[in-house]
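Visitor: Provided below: data-v1.tsv, containing TSV, C-alpha atoms and all ligand atoms.
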chain	number	residue	atom	x	y	z
V	1	MET	CA	12.89	1.85	-22.11
V	2	SER	CA	11.29	5.11	-20.94
V	3	THR	CA	10.66	5.68	-17.25
V	4	PRO	CA	7.28	4.32	-16.17
V	5	LYS	CA	4.80	6.71	-14.58
V	6	LEU	CA	3.00	5.86	-11.38
V	7	TYR	CA	-0.09	7.93	-10.62
V	8	GLY	CA	-0.88	8.48	-6.95
V	9	VAL	CA	0.23	10.03	-3.66
V	10	PRO	CA	2.56	8.56	-0.99
V	11	PHE	CA	-0.24	8.56	1.57
V	12	SER	CA	-2.16	5.87	-0.35
V	13	GLN	CA	-1.52	2.32	0.89
V	14	PRO	CA	-1.72	0.59	-2.53
V	15	VAL	CA	0.48	3.32	-4.04
V	16	ARG	CA	3.04	2.69	-1.30
V	17	ALA	CA	3.04	-1.01	-2.15
V	18	VAL	CA	3.95	-0.32	-5.78
V	19	MET	CA	6.54	2.32	-4.83
V	20	TRP	CA	8.16	-0.12	-2.39
V	21	LEU	CA	8.41	-2.76	-5.11
V	22	PHE	CA	10.13	-0.30	-7.47
V	23	ILE	CA	12.44	1.02	-4.75
V	24	MET	CA	13.54	-2.38	-3.43
V	25	HIS	CA	14.59	-3.20	-7.00
V	26	LYS	CA	16.26	0.18	-7.46
V	27	THR	CA	14.12	0.81	-10.51
V	28	PRO	CA	13.30	4.42	-11.41
V	29	PHE	CA	9.74	5.62	-11.87
V	30	GLU	CA	8.03	8.98	-12.04
V	31	LEU	CA	5.35	9.64	-9.41
V	32	VAL	CA	2.60	11.72	-11.02
V	33	LEU	CA	0.70	13.34	-8.16
V	34	THR	CA	-2.95	12.39	-8.45
V	35	ASN	CA	-5.63	13.29	-5.92
V	36	PRO	CA	-7.75	10.27	-5.03
V	37	GLY	CA	-11.46	10.81	-5.61
V	38	SER	CA	-11.11	14.27	-7.15
V	39	LYS	CA	-12.85	15.13	-10.44
V	40	GLY	CA	-10.49	18.07	-10.93
V	41	GLU	CA	-7.41	18.15	-13.09
V	42	ASN	CA	-4.88	15.69	-11.61
V	43	GLY	CA	-7.75	13.90	-9.91
V	44	SER	CA	-8.45	10.16	-10.08
V	45	ARG	CA	-12.05	10.81	-11.20
V	46	HIS	CA	-11.11	13.23	-14.02
V	47	PRO	CA	-12.09	11.92	-17.50
V	48	ASP	CA	-8.42	11.91	-18.64
V	49	TYR	CA	-7.48	9.69	-15.70
V	50	LEU	CA	-10.52	7.44	-16.14
V	51	ALA	CA	-9.38	6.80	-19.72
V	52	LYS	CA	-6.18	5.30	-18.26
V	53	CYS	CA	-7.73	3.68	-15.20
V	54	PRO	CA	-11.49	3.07	-15.52
V	55	GLY	CA	-11.86	2.27	-11.81
V	56	GLY	CA	-10.87	5.86	-10.96
V	57	THR	CA	-8.54	4.89	-8.11
V	58	ILE	CA	-4.84	5.25	-7.45
V	59	PRO	CA	-2.38	3.72	-8.23
V	60	CYS	CA	-2.24	3.51	-12.00
V	61	LEU	CA	0.84	2.55	-14.02
V	62	GLU	CA	1.62	4.03	-17.43
V	63	GLU	CA	4.41	2.99	-19.76
V	64	PRO	CA	4.99	6.02	-21.99
V	65	ALA	CA	6.88	4.03	-24.62
V	66	THR	CA	3.89	1.84	-25.46
V	67	GLY	CA	0.97	3.81	-23.98
V	68	PHE	CA	0.11	0.78	-21.85
V	69	THR	CA	-1.83	1.68	-18.71
V	70	LEU	CA	-2.95	-0.48	-15.80
V	71	GLY	CA	-4.93	0.15	-12.63
V	72	GLU	CA	-5.16	-1.94	-9.43
V	73	ALA	CA	-2.08	-2.23	-7.25
V	74	HIS	CA	-1.90	-6.01	-7.23
V	75	ALA	CA	-2.26	-6.31	-11.00
V	76	ILE	CA	0.47	-3.67	-11.34
V	77	MET	CA	2.76	-5.51	-8.91
V	78	THR	CA	2.42	-8.91	-10.54
V	79	TYR	CA	2.82	-7.31	-14.00
V	80	LEU	CA	6.01	-5.49	-12.93
V	81	ALA	CA	7.43	-8.60	-11.26
V	82	ARG	CA	6.73	-10.73	-14.36
V	83	THR	CA	8.05	-8.21	-16.88
V	84	HIS	CA	11.18	-7.32	-14.85
V	85	GLY	CA	11.93	-10.88	-13.77
V	86	TRP	CA	11.65	-10.01	-10.06
V	87	THR	CA	11.48	-13.64	-9.00
V	88	ASP	CA	12.77	-12.76	-5.51
V	89	VAL	CA	9.27	-11.49	-4.66
V	90	TYR	CA	7.24	-13.48	-7.23
V	91	PRO	CA	8.98	-16.83	-7.76
V	92	ASP	CA	9.08	-18.33	-11.24
V	93	ASN	CA	6.92	-21.28	-10.30
V	94	GLU	CA	3.20	-21.39	-11.07
V	95	GLN	CA	2.16	-22.90	-7.75
V	96	ASP	CA	4.16	-20.37	-5.71
V	97	ARG	CA	2.69	-17.57	-7.82
V	98	ALA	CA	-0.81	-18.95	-7.40
V	99	LYS	CA	-0.41	-18.94	-3.60
V	100	ILE	CA	0.75	-15.32	-3.68
V	101	ASP	CA	-2.14	-14.41	-5.99
V	102	GLY	CA	-4.44	-16.18	-3.52
V	103	TYR	CA	-3.33	-13.84	-0.75
V	104	LEU	CA	-3.60	-10.79	-3.04
V	105	HIS	CA	-7.24	-11.64	-3.79
V	106	TYR	CA	-7.96	-12.40	-0.12
V	107	HIS	CA	-6.49	-9.03	0.88
V	108	HIS	CA	-9.41	-7.02	-0.49
V	109	ARG	CA	-12.36	-6.73	1.93
V	110	ASN	CA	-10.23	-8.35	4.65
V	111	VAL	CA	-6.83	-6.81	5.38
V	112	ARG	CA	-7.61	-3.75	3.25
V	113	GLU	CA	-10.34	-2.91	5.75
V	114	ALA	CA	-7.59	-1.54	8.03
V	115	SER	CA	-7.67	1.72	6.11
V	116	LEU	CA	-11.45	2.00	5.99
V	117	GLY	CA	-12.01	1.04	9.60
V	118	LEU	CA	-9.12	2.69	11.40
V	119	VAL	CA	-7.20	5.25	9.35
V	120	ALA	CA	-9.60	6.92	6.88
V	121	PRO	CA	-12.17	7.87	9.54
V	122	LYS	CA	-9.49	10.04	11.22
V	123	VAL	CA	-7.58	11.28	8.21
V	124	ARG	CA	-10.48	11.72	5.75
V	125	LYS	CA	-13.17	13.36	7.90
V	126	ASP	CA	-14.70	14.64	4.63
V	127	LEU	CA	-15.70	11.05	3.75
V	128	ASP	CA	-17.94	10.93	6.83
V	129	ILE	CA	-17.64	7.13	7.08
V	130	PRO	CA	-20.61	5.84	9.13
V	131	GLU	CA	-19.75	4.27	12.51
V	132	SER	CA	-21.51	1.01	11.53
V	133	PHE	CA	-19.28	0.75	8.44
V	134	GLN	CA	-16.17	1.42	10.53
V	135	GLU	CA	-17.18	-1.27	13.01
V	136	SER	CA	-17.70	-3.88	10.34
V	137	ALA	CA	-14.34	-2.96	8.73
V	138	ARG	CA	-12.60	-3.34	12.11
V	139	ARG	CA	-14.25	-6.73	12.61
V	140	ASN	CA	-13.14	-7.90	9.16
V	141	LEU	CA	-9.59	-6.73	9.83
V	142	THR	CA	-9.46	-8.47	13.22
V	143	ASN	CA	-10.68	-11.71	11.67
V	144	ALA	CA	-8.11	-11.37	8.88
V	145	LEU	CA	-5.33	-10.82	11.44
V	146	ARG	CA	-6.45	-13.97	13.29
V	147	THR	CA	-6.13	-15.88	10.01
V	148	ILE	CA	-2.69	-14.41	9.31
V	149	GLU	CA	-1.55	-15.09	12.89
V	150	SER	CA	-2.71	-18.70	13.04
V	151	SER	CA	-2.17	-19.80	9.48
V	152	TYR	CA	0.11	-17.73	7.21
V	153	LEU	CA	2.56	-16.81	9.99
V	154	ALA	CA	2.13	-19.85	12.25
V	155	ASP	CA	5.26	-21.58	10.92
V	156	ASN	CA	6.67	-18.99	8.51
V	157	THR	CA	8.86	-15.93	8.86
V	158	PHE	CA	6.95	-14.24	6.04
V	159	LEU	CA	3.47	-14.91	4.64
V	160	MET	CA	4.65	-17.39	2.01
V	161	GLY	CA	7.65	-18.88	3.78
V	162	GLY	CA	11.21	-17.77	4.41
V	163	SER	CA	11.39	-14.70	2.20
V	164	VAL	CA	9.43	-11.56	1.38
V	165	THR	CA	6.97	-11.76	-1.50
V	166	LEU	CA	4.39	-9.46	-3.07
V	167	ALA	CA	1.92	-10.78	-0.50
V	168	ASP	CA	3.97	-9.35	2.39
V	169	ILE	CA	4.34	-5.98	0.69
V	170	ALA	CA	0.59	-5.73	0.03
V	171	ALA	CA	-0.24	-6.81	3.58
V	172	TYR	CA	2.29	-4.60	5.32
V	173	VAL	CA	1.25	-1.30	3.75
V	174	GLU	CA	-2.15	-1.84	5.37
V	175	ILE	CA	-1.24	-3.51	8.66
V	176	GLY	CA	2.08	-1.72	9.19
V	177	GLN	CA	0.48	1.73	9.09
V	178	LEU	CA	-1.38	0.83	12.33
V	179	ARG	CA	1.83	0.18	14.31
V	180	PRO	CA	2.66	2.23	17.43
V	181	GLU	CA	5.54	3.77	15.44
V	182	PHE	CA	3.07	5.18	12.92
V	183	THR	CA	-0.66	5.89	13.46
V	184	ASN	CA	-0.87	3.76	16.64
V	185	VAL	CA	-4.55	2.96	16.14
V	186	PHE	CA	-4.55	-0.79	16.77
V	187	ASP	CA	-3.65	-3.03	19.69
V	188	PHE	CA	-1.56	-5.93	18.35
V	189	SER	CA	-1.14	-7.71	21.72
V	190	GLU	CA	-3.40	-10.59	20.60
V	191	PHE	CA	-1.08	-11.23	17.63
V	192	PRO	CA	2.53	-12.13	18.58
V	193	ASN	CA	3.35	-13.64	15.17
V	194	VAL	CA	2.04	-10.56	13.40
V	195	GLN	CA	4.08	-8.33	15.73
V	196	ARG	CA	7.26	-10.28	14.99
V	197	TRP	CA	6.51	-10.14	11.23
V	198	LEU	CA	5.93	-6.36	11.40
V	199	GLY	CA	9.39	-5.98	12.93
V	200	ASP	CA	10.95	-8.14	10.21
V	201	MET	CA	9.15	-6.24	7.46
V	202	ALA	CA	10.42	-2.93	8.84
V	203	LYS	CA	13.96	-4.14	8.03
V	204	VAL	CA	13.18	-4.84	4.37
V	205	SER	CA	14.97	-2.62	1.86
V	206	GLY	CA	12.88	0.44	0.96
V	207	HIS	CA	10.62	0.24	4.02
V	208	ASP	CA	11.81	3.47	5.61
V	209	GLU	CA	11.80	5.50	2.41
V	210	VAL	CA	8.23	4.47	1.57
V	211	HIS	CA	6.90	5.02	5.10
V	212	VAL	CA	8.23	8.54	5.65
V	213	VAL	CA	4.69	9.80	5.17
V	214	MET	CA	3.55	7.64	8.09
V	215	SER	CA	6.39	8.52	10.47
V	216	GLU	CA	5.93	12.21	9.65
V	217	MET	CA	2.19	12.10	10.32
V	218	GLY	CA	2.76	10.16	13.54
V	219	ASP	CA	0.32	9.00	16.21
V	220	ILE	CA	-3.32	9.76	15.40
V	221	SER	CA	-4.82	7.55	18.11
V	222	GLN	CA	-5.95	10.41	20.34
V	223	LYS	CA	-6.53	13.17	17.84
V	224	ALA	CA	-7.20	13.38	14.10
V	225	PRO	CA	-4.27	15.00	12.28
V	226	GLU	CA	-4.57	18.58	11.03
V	227	MET	CA	-4.70	19.06	7.25
V	228	ASP	CA	-1.37	20.93	7.50
V	229	THR	CA	0.22	17.90	9.18
V	230	ILE	CA	-0.97	15.61	6.39
V	231	ARG	CA	0.19	18.05	3.71
V	232	ASP	CA	3.62	18.46	5.34
V	233	ALA	CA	3.97	14.67	5.71
V	234	ASN	CA	3.29	14.25	1.99
V	235	ILE	CA	5.80	16.99	1.11
V	236	THR	CA	8.55	15.40	3.23
V	237	ALA	CA	7.71	11.99	1.72
V	238	LEU	CA	8.02	13.42	-1.79
V	239	LYS	CA	11.41	14.97	-0.98
V	240	THR	CA	12.63	11.61	0.33
V	241	LEU	CA	11.30	9.84	-2.74
V	242	LYS	CA	13.09	12.30	-5.02
V	243	ALA	CA	16.39	11.75	-3.18
V	244	THR	CA	15.90	7.97	-3.23
V	245	LEU	CA	15.20	7.86	-6.96
V	246	ALA	CA	18.17	10.14	-7.64
V	247	SER	CA	20.43	7.65	-5.84
V	248	PHE	CA	19.69	4.78	-8.27
R	301	LIG	N1	-8.35	-1.98	-5.35
R	301	LIG	C1	-7.60	-0.77	-5.57
R	301	LIG	C2	-7.95	0.20	-4.46
R	301	LIG	C3	-7.25	1.51	-4.65
R	301	LIG	C4	-7.84	2.58	-3.74
R	301	LIG	O1	-8.78	2.33	-2.98
R	301	LIG	N2	-7.28	3.77	-3.84
R	301	LIG	C5	-7.84	4.89	-3.12
R	301	LIG	C6	-6.74	5.70	-2.44
R	301	LIG	S1	-5.91	4.76	-1.21
R	301	LIG	C7	-8.53	5.80	-4.12
R	301	LIG	O2	-8.02	6.02	-5.20
R	301	LIG	N3	-9.69	6.34	-3.74
R	301	LIG	C8	-10.37	7.30	-4.55
R	301	LIG	C9	-11.74	6.89	-4.95
R	301	LIG	O3	-12.15	5.77	-4.65
R	301	LIG	O4	-12.39	7.71	-5.59
R	301	LIG	C10	-6.10	-1.08	-5.61
R	301	LIG	O5	-5.66	-1.96	-4.84
R	301	LIG	O6	-5.36	-0.44	-6.37
Output the file's structure in the form of structure tokens.
Ligand SMILES: N[C@@H](CCC(=O)N[C@@H](CS)C(=O)NCC(=O)O)C(=O)O

Guide:
Amino acid sequence: MSTPKLYGVPFSQPVRAVMWLFIMHKTPFELVLTNPGSKGENGSRHPDYLAKCPGGTIPCLEEPATGFTLGEAHAIMTYLARTHGWTDVYPDNEQDRAKIDGYLHYHHRNVREASLGLVAPKVRKDLDIPESFQESARRNLTNALRTIESSYLADNTFLMGGSVTLADIAAYVEIGQLRPEFTNVFDFSEFPNVQRWLGDMAKVSGHDEVHVVMSEMGDISQKAPEMDTIRDANITALKTLKATLASF
């Protein structure tokens, strides 16, 4: 089977989720650098890219052998888990899978708001995200964290029970980026279960390799990062990815 292509950049949360899934299963892929939102060549709004991924967002998966393409991180993750037999993160039981799918649907417009409300306003000044929009995103995220704290993680180590699933990976790339170790833009003191889970997730295989971009960019709580800092963080992340993939 030829090496699958993954279109995106390491800075993107949903791209990181798919990369983490590949890396934890020591499965090679080729990252094709694709600028989110750009209509230029190698941009996610270029007609050639839209032909593969009509939504015009990253990530997108392509299997060169068959020409199959697929957008949307969660669809990609469940597809990869099913086709590779990765039952460790997507158990071979319809009810377990349905519960995971339930979280993956819930994630959008709830946990995903972490990026829109807290990270993008600092990192993507060009988007000029209105303050009212940021506030509503922060509210949605806080409500989602209350749900995760008091329900998903009330009696479980991970979102679905005793082991990591696709739901944890999808959730962590959003919530984890806010940690003091990374952007440091959220106060987790109201959420002890979430804090404990963040620590457990940081020990999962592939976590460090996928989050190099975050550790390199560092704390943005006081000051928006310079463009050079973001560019350098992406370059270091790409070098790490190359070394990781070469080790498989
Ligand atoms: N629902 C999509 C969201 C992907 C997404 O929002 N990607 C961003 C980058 S993190 C993007 O491509 N933005 C460019 C745009 O919307 O034009 C998924 O989970 O894959």

Visitor: Pick the closest to Phe29 in chain V from V:Lys242, V:His207, V:Arg124, V:Arg82: which is it, counting all atoms listed in the file?

Guide: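 Distance minimum relative to Phe29 in chain V lands on V:Lys242.
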
Visitor: Measuring atom to atom with all atoms listed in the file, identify which of V:Thr69, V:Thr78, V:Asn42, V:Ser115 is nearest to ligand LIG 301 (chain R).

Guide: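 Nearest to ligand LIG 301 (chain R): V:Ser115.
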
Visitor: Check every protein, DNA and RNA residue against ligand LIG 301 (chain R), keep those with an atom at most 10 Å away (counting all atoms listed in the file), and present them as number ranges by chain.

Guide: V: 7-18, 34-39, 43-45, 55-60, 70-77, 104-105, 107-109, 112, 115-116, 120, 170

Visitor: Rank V:Val194, V:Ile169, V:Met217, V:Val89 by their smallest atom-to-atom distance to Ser150 in chain V, using only C-alpha atoms, and report the top residue only.

Guide: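 The closest residue to Ser150 in chain V is V:Val194.
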
Visitor: Excluding same-chain residues fewer than 6 positions from Ser215 in chain V, what lies within 9 Å of it counting all atoms listed in the file, as number ranges by chain?

Guide: V: 181-183, 208, 233

Visitor: Pick from V:Leu141, V:Ile100, V:Met160, V:Leu241: nearest to Gly206 in chain V, with only C-alpha atoms counted?

Guide: V:Leu241

Visitor: Show which residues sit within 10 Å of Leu238 in chain V, as a PyMOL selection string. Count only C-alpha atoms, and ignore same-chain residues fewer than 2 positions away.

Guide: chain V and resi 9-10+31+33+209-210+212-213+232-236+240-244

Visitor: Pick the closest to Ser132 in chain V from V:Gly117, V:Asp92, V:Ala246, V:Val164: which is it, counting all atoms listed in the file?

Guide: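 For Ser132 in chain V, the nearest of the given residues is V:Gly117.
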
Visitor: Enclose range 116-133 of chain V, meaning all of its atoms listed in the file, in a box aligned along x, y and z, pad it by 8 Å on each side, and list the centre and edge lengths in Å to one decimal, as JSON.

Guide:
{"center_x": -14.4, "center_y": 7.7, "center_z": 8.1, "size_x": 30.3, "size_y": 29.9, "size_z": 24.8}

Visitor: Any idea what the distance is between CA of Leu159 in chain V and CA of Pro28 in chain V?

Guide: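 Distance between the two atoms: 27.0 Å.
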
Visitor: Provide the CA of His25 in chain V to CA of Val204 in chain V distance in Å, to one decimal place.

Guide: 11.6 Å

Visitor: Starting from the block above, write range 66-152 of chain V out to a file with C-alpha atoms, as a PDB file, in the first residue's frame, please.

Guide:
ATOM      1  CA  THR V  66      -6.870   4.476  -5.002  1.00  0.00           C
ATOM      2  CA  GLY V  67      -7.253   8.259  -5.336  1.00  0.00           C
ATOM      3  CA  PHE V  68      -9.576   8.202  -2.327  1.00  0.00           C
ATOM      4  CA  THR V  69      -9.736  11.540  -0.514  1.00  0.00           C
ATOM      5  CA  LEU V  70     -11.490  12.509   2.706  1.00  0.00           C
ATOM      6  CA  GLY V  71     -11.851  15.745   4.662  1.00  0.00           C
ATOM      7  CA  GLU V  72     -12.898  16.292   8.304  1.00  0.00           C
ATOM      8  CA  ALA V  73     -10.555  15.101  11.041  1.00  0.00           C
ATOM      9  CA  HIS V  74     -13.059  12.899  12.831  1.00  0.00           C
ATOM     10  CA  ALA V  75     -14.201  11.156   9.652  1.00  0.00           C
ATOM     11  CA  ILE V  76     -10.525  10.589   8.801  1.00  0.00           C
ATOM     12  CA  MET V  77      -9.773   9.199  12.267  1.00  0.00           C
ATOM     13  CA  THR V  78     -12.675   6.762  12.356  1.00  0.00           C
ATOM     14  CA  TYR V  79     -11.904   5.701   8.761  1.00  0.00           C
ATOM     15  CA  LEU V  80      -8.231   5.064   9.595  1.00  0.00           C
ATOM     16  CA  ALA V  81      -9.114   3.187  12.787  1.00  0.00           C
ATOM     17  CA  ARG V  82     -11.633   0.984  10.953  1.00  0.00           C
ATOM     18  CA  THR V  83      -9.421   0.260   7.947  1.00  0.00           C
ATOM     19  CA  HIS V  84      -6.264  -0.394  10.017  1.00  0.00           C
ATOM     20  CA  GLY V  85      -8.019  -2.342  12.751  1.00  0.00           C
ATOM     21  CA  TRP V  86      -6.941   0.129  15.464  1.00  0.00           C
ATOM     22  CA  THR V  87      -9.391  -1.253  17.998  1.00  0.00           C
ATOM     23  CA  ASP V  88      -7.259   0.052  20.888  1.00  0.00           C
ATOM     24  CA  VAL V  89      -8.649   3.545  20.199  1.00  0.00           C
ATOM     25  CA  TYR V  90     -11.909   2.573  18.437  1.00  0.00           C
ATOM     26  CA  PRO V  91     -13.129  -0.716  19.933  1.00  0.00           C
ATOM     27  CA  ASP V  92     -14.728  -3.287  17.666  1.00  0.00           C
ATOM     28  CA  ASN V  93     -18.114  -2.994  19.314  1.00  0.00           C
ATOM     29  CA  GLU V  94     -20.914  -0.906  17.817  1.00  0.00           C
ATOM     30  CA  GLN V  95     -22.088   0.575  21.110  1.00  0.00           C
ATOM     31  CA  ASP V  96     -18.570   1.593  22.167  1.00  0.00           C
ATOM     32  CA  ARG V  97     -18.024   3.116  18.731  1.00  0.00           C
ATOM     33  CA  ALA V  98     -21.334   4.939  18.891  1.00  0.00           C
ATOM     34  CA  LYS V  99     -20.367   6.508  22.233  1.00  0.00           C
ATOM     35  CA  ILE V 100     -17.061   7.684  20.780  1.00  0.00           C
ATOM     36  CA  ASP V 101     -18.855   9.025  17.695  1.00  0.00           C
ATOM     37  CA  GLY V 102     -21.230  10.809  20.075  1.00  0.00           C
ATOM     38  CA  TYR V 103     -18.338  12.688  21.634  1.00  0.00           C
ATOM     39  CA  LEU V 104     -16.814  13.451  18.213  1.00  0.00           C
ATOM     40  CA  HIS V 105     -20.069  15.086  17.098  1.00  0.00           C
ATOM     41  CA  TYR V 106     -20.436  16.933  20.409  1.00  0.00           C
ATOM     42  CA  HIS V 107     -16.890  18.274  20.072  1.00  0.00           C
ATOM     43  CA  HIS V 108     -17.772  20.706  17.278  1.00  0.00           C
ATOM     44  CA  ARG V 109     -19.177  24.040  18.525  1.00  0.00           C
ATOM     45  CA  ASN V 110     -18.337  23.014  22.098  1.00  0.00           C
ATOM     46  CA  VAL V 111     -14.764  21.919  22.823  1.00  0.00           C
ATOM     47  CA  ARG V 112     -13.561  23.097  19.406  1.00  0.00           C
ATOM     48  CA  GLU V 113     -14.425  26.635  20.513  1.00  0.00           C
ATOM     49  CA  ALA V 114     -11.149  26.621  22.491  1.00  0.00           C
ATOM     50  CA  SER V 115      -9.287  27.544  19.330  1.00  0.00           C
ATOM     51  CA  LEU V 116     -11.740  30.205  18.200  1.00  0.00           C
ATOM     52  CA  GLY V 117     -12.146  31.811  21.600  1.00  0.00           C
ATOM     53  CA  LEU V 118      -8.659  31.629  23.064  1.00  0.00           C
ATOM     54  CA  VAL V 119      -5.911  30.748  20.592  1.00  0.00           C
ATOM     55  CA  ALA V 120      -6.866  32.097  17.147  1.00  0.00           C
ATOM     56  CA  PRO V 121      -7.507  35.660  18.375  1.00  0.00           C
ATOM     57  CA  LYS V 122      -3.837  35.854  19.452  1.00  0.00           C
ATOM     58  CA  VAL V 123      -2.193  33.782  16.757  1.00  0.00           C
ATOM     59  CA  ARG V 124      -4.336  34.797  13.758  1.00  0.00           C
ATOM     60  CA  LYS V 125      -4.679  38.571  14.207  1.00  0.00           C
ATOM     61  CA  ASP V 126      -5.445  38.727  10.461  1.00  0.00           C
ATOM     62  CA  LEU V 127      -8.794  37.002  11.114  1.00  0.00           C
ATOM     63  CA  ASP V 128      -9.881  39.949  13.283  1.00  0.00           C
ATOM     64  CA  ILE V 129     -12.268  37.771  15.308  1.00  0.00           C
ATOM     65  CA  PRO V 130     -14.868  40.067  16.954  1.00  0.00           C
ATOM     66  CA  GLU V 131     -14.746  40.254  20.771  1.00  0.00           C
ATOM     67  CA  SER V 132     -18.422  39.176  21.014  1.00  0.00           C
ATOM     68  CA  PHE V 133     -17.609  36.024  19.016  1.00  0.00           C
ATOM     69  CA  GLN V 134     -14.603  35.294  21.232  1.00  0.00           C
ATOM     70  CA  GLU V 135     -16.725  35.700  24.353  1.00  0.00           C
ATOM     71  CA  SER V 136     -19.388  33.306  23.141  1.00  0.00           C
ATOM     72  CA  ALA V 137     -16.708  30.762  22.140  1.00  0.00           C
ATOM     73  CA  ARG V 138     -15.145  31.008  25.623  1.00  0.00           C
ATOM     74  CA  ARG V 139     -18.565  30.497  27.208  1.00  0.00           C
ATOM     75  CA  ASN V 140     -19.228  27.424  25.057  1.00  0.00           C
ATOM     76  CA  LEU V 141     -15.825  25.986  25.942  1.00  0.00           C
ATOM     77  CA  THR V 142     -16.330  26.582  29.675  1.00  0.00           C
ATOM     78  CA  ASN V 143     -19.721  24.871  29.539  1.00  0.00           C
ATOM     79  CA  ALA V 144     -18.199  21.964  27.611  1.00  0.00           C
ATOM     80  CA  LEU V 145     -15.423  21.621  30.210  1.00  0.00           C
ATOM     81  CA  ARG V 146     -18.056  21.534  32.973  1.00  0.00           C
ATOM     82  CA  THR V 147     -19.755  18.675  31.113  1.00  0.00           C
ATOM     83  CA  ILE V 148     -16.474  16.814  30.662  1.00  0.00           C
ATOM     84  CA  GLU V 149     -15.507  17.403  34.311  1.00  0.00           C
ATOM     85  CA  SER V 150     -18.794  16.269  35.823  1.00  0.00           C
ATOM     86  CA  SER V 151     -19.830  13.572  33.406  1.00  0.00           C
ATOM     87  CA  TYR V 152     -17.208  12.062  31.049  1.00  0.00           C
TER      88      TYR V 152
END
